[in-house]
Structures are given as C-alpha cells and as structure tokens.
Amino acid sequence: SAPVLLILMNLVFLLILHQGVKGALMAQIITYGCLWLLVSFNVFSKIGIGISMQLILKLLRFSLPLVFVMSGDLITDASAMYFLSYFGSLEDVAIYSLGYKIAQIAIVVFILPFQLAYEPLVYANINTPGIRLNIAKLLTYLMIGFAFVAFGIVFISRELLSIIAPPEYFSAYLVIFLILPGIAFRGVYYIGESLLYIEKKTYVTGTIVTVFTILSLGLNYLLIPLYGMYGVILVFNLTVMCTAC
C-alpha cells in the first residue's frame, strides 16, 4: 500500500499542485505518516504501552551494533552524492540518482518481499531438521528470481527513461545496468546477516558494515575525481559485494 499511496501523493503534489521538490517531500511525509499512525493505532489499541528497563538493557546489548548496520547505507549513499556533486557536477548527480532509483525497483519488488518472508520462516524453524539445506535452496531461488527481475528492469528501462526524462538523462540506462549486480548481493547479504543473528552475533555484522562503510568513504574520495559517477558505481558494487561475502 505504501508505494501506491506514495505514487498517488506524488501525482497530486507534482502534476496537479506543481510543488516540485517540496511536493515530493510532502508526499513522503503524508504517506509514511499515515501508515505509521495506522500501525501505531493498531498496536496501541490491542497491546498498549509499557516500559521494562530490564528488557530495554537486553535490547540495547543485542541491537546496538545494528545501529551501525542501518546507518552504513545512509552514510555511503550520502557521501557518494556529496563527493559526486563536489568533484563532478549536479548533472552527474541527477543522472546517477535516476539510474540508481530505477535499479532499486529490484529491491522494492523482489529483495525486500523475499526478506520479509525469509527471516520469519528461518527464525521460526531454527531447530527444524534440514533447515540448512532449505536456506541453501532459498539462496538459489533468490538468485534465479533476481535474474528474471533484473532482466525485466533492463528491458523496460530504456522506454521508461524516454518517457520520464529528457534525452540528456539517457546515460542513466548504463547506470541501471551497472548497479544491478551490486543489488543482487543485497539479497546474499540479508541471508548471511540472518545466519549471524541466529547465533546472536550482531556485533560481527556491525563491525563488518562499519569497516566497509569507512572504506567506501575513502574510495569515493579517491575514485570519484577520476571516474565521476562510474567511480560511485564501482565503489557501491565493491562495498556491497565485499560486505555480503
């Protein structure tokens, strides 16, 4: 429901009200704000609110490394945009951002739904005989499914770009093509991440992501002045693949 509502809000603010960037931000605020209110009301009406200091301390010990995991992508993406605008041009930022967003369709329509179904299935069947074999099969299915999704994105993105962007932005097509291998490793990363969580080794995940986030900052600083947005693509793919492995 979130993507549908977000698209409708964007249509209203951008095409009807002509609000530009401000309208795109308002669409996100309204969409995710409404969903948050609905979920919160559903939870509070059935469960209510309670505070347990013992549980809070337990959660902090387990989940504090995950703060670094969640912030890693934000830091990597934000630094890449900053360095690209500083060493390159705003046109490069726009072209890369457009290609990156279209490539992320694979995450929205396939990788994230897979993750939402995969993790509860695995956590609920940790002690089930044959779970290791099932996880291996799921990884295989994930890669096969992603290959079909990636093919579909590459196939339709040429026509899509001609509809949503002027000809000067057509080089975003190559960005889409080059970003997709890194996105495939997002799926591998989620599976490896879940196996570490089963063993309660969140600190391993946090350490790995932190190391490669710092590495990506240095690589972006070195490679973007030389290769522009292709330096960003190289660093993105290298960072995601190494983190997943």
# chains A, B, ... in the order shown; residues from 1 in each chain; ligands from 1

call {"tool": "residues_around", "arguments": {"residues": "Ser79 in chain A", "least_positions_apart": "4", "cutoff": "8 Å", "atoms": "only C-alpha atoms", "output": "list of chain:residue names"}}
result
A:Ile75, A:Phe83, A:Leu217, A:Asn220

call {"tool": "residues_around", "arguments": {"residues": "Tyr82 in chain A", "least_positions_apart": "6", "cutoff": "12 Å", "atoms": "only C-alpha atoms", "output": "PyMOL selection string"}}
result
chain A and resi 75-76+88-90+92-93+97+217+220-221+224-225+228-229+232

call {"tool": "residues_around", "arguments": {"residues": "range 168-179 of chain A", "least_positions_apart": "5", "cutoff": "9 Å", "atoms": "only C-alpha atoms", "output": "list in words"}}
result
Glu91, Ala94, Ile95, Tyr96, Ser97, Leu98, Gly99, Tyr100, Lys101, Ile102, Ala103, Gln104, Ala150, Ile153, Val154, Ser157, Arg158, Leu161, Ser162, Met229, Tyr230, Ile233, Leu234, Phe236 and Asn237 of chain A

call {"tool": "residues_around", "arguments": {"residues": "Ser63 in chain A", "least_positions_apart": "2", "cutoff": "12 Å", "atoms": "only C-alpha atoms", "output": "PyMOL selection string"}}
result
chain A and resi 55-61+65-70+197+200-206

call {"tool": "residues_around", "arguments": {"residues": "Thr239 in chain A", "least_positions_apart": "4", "cutoff": "7 Å", "atoms": "only C-alpha atoms", "output": "PDB file with C-alpha atoms, in the first residue's frame"}}
result
ATOM      1  CA  PHE A 212      33.301  -1.245   4.668  1.00  0.00           C
ATOM      2  CA  SER A 216      33.664   3.347   0.903  1.00  0.00           C
ATOM      3  CA  VAL A 235      32.580   1.711  -5.007  1.00  0.00           C
ATOM      4  CA  THR A 243      30.101  -6.852   2.827  1.00  0.00           C
TER       5      THR A 243
END
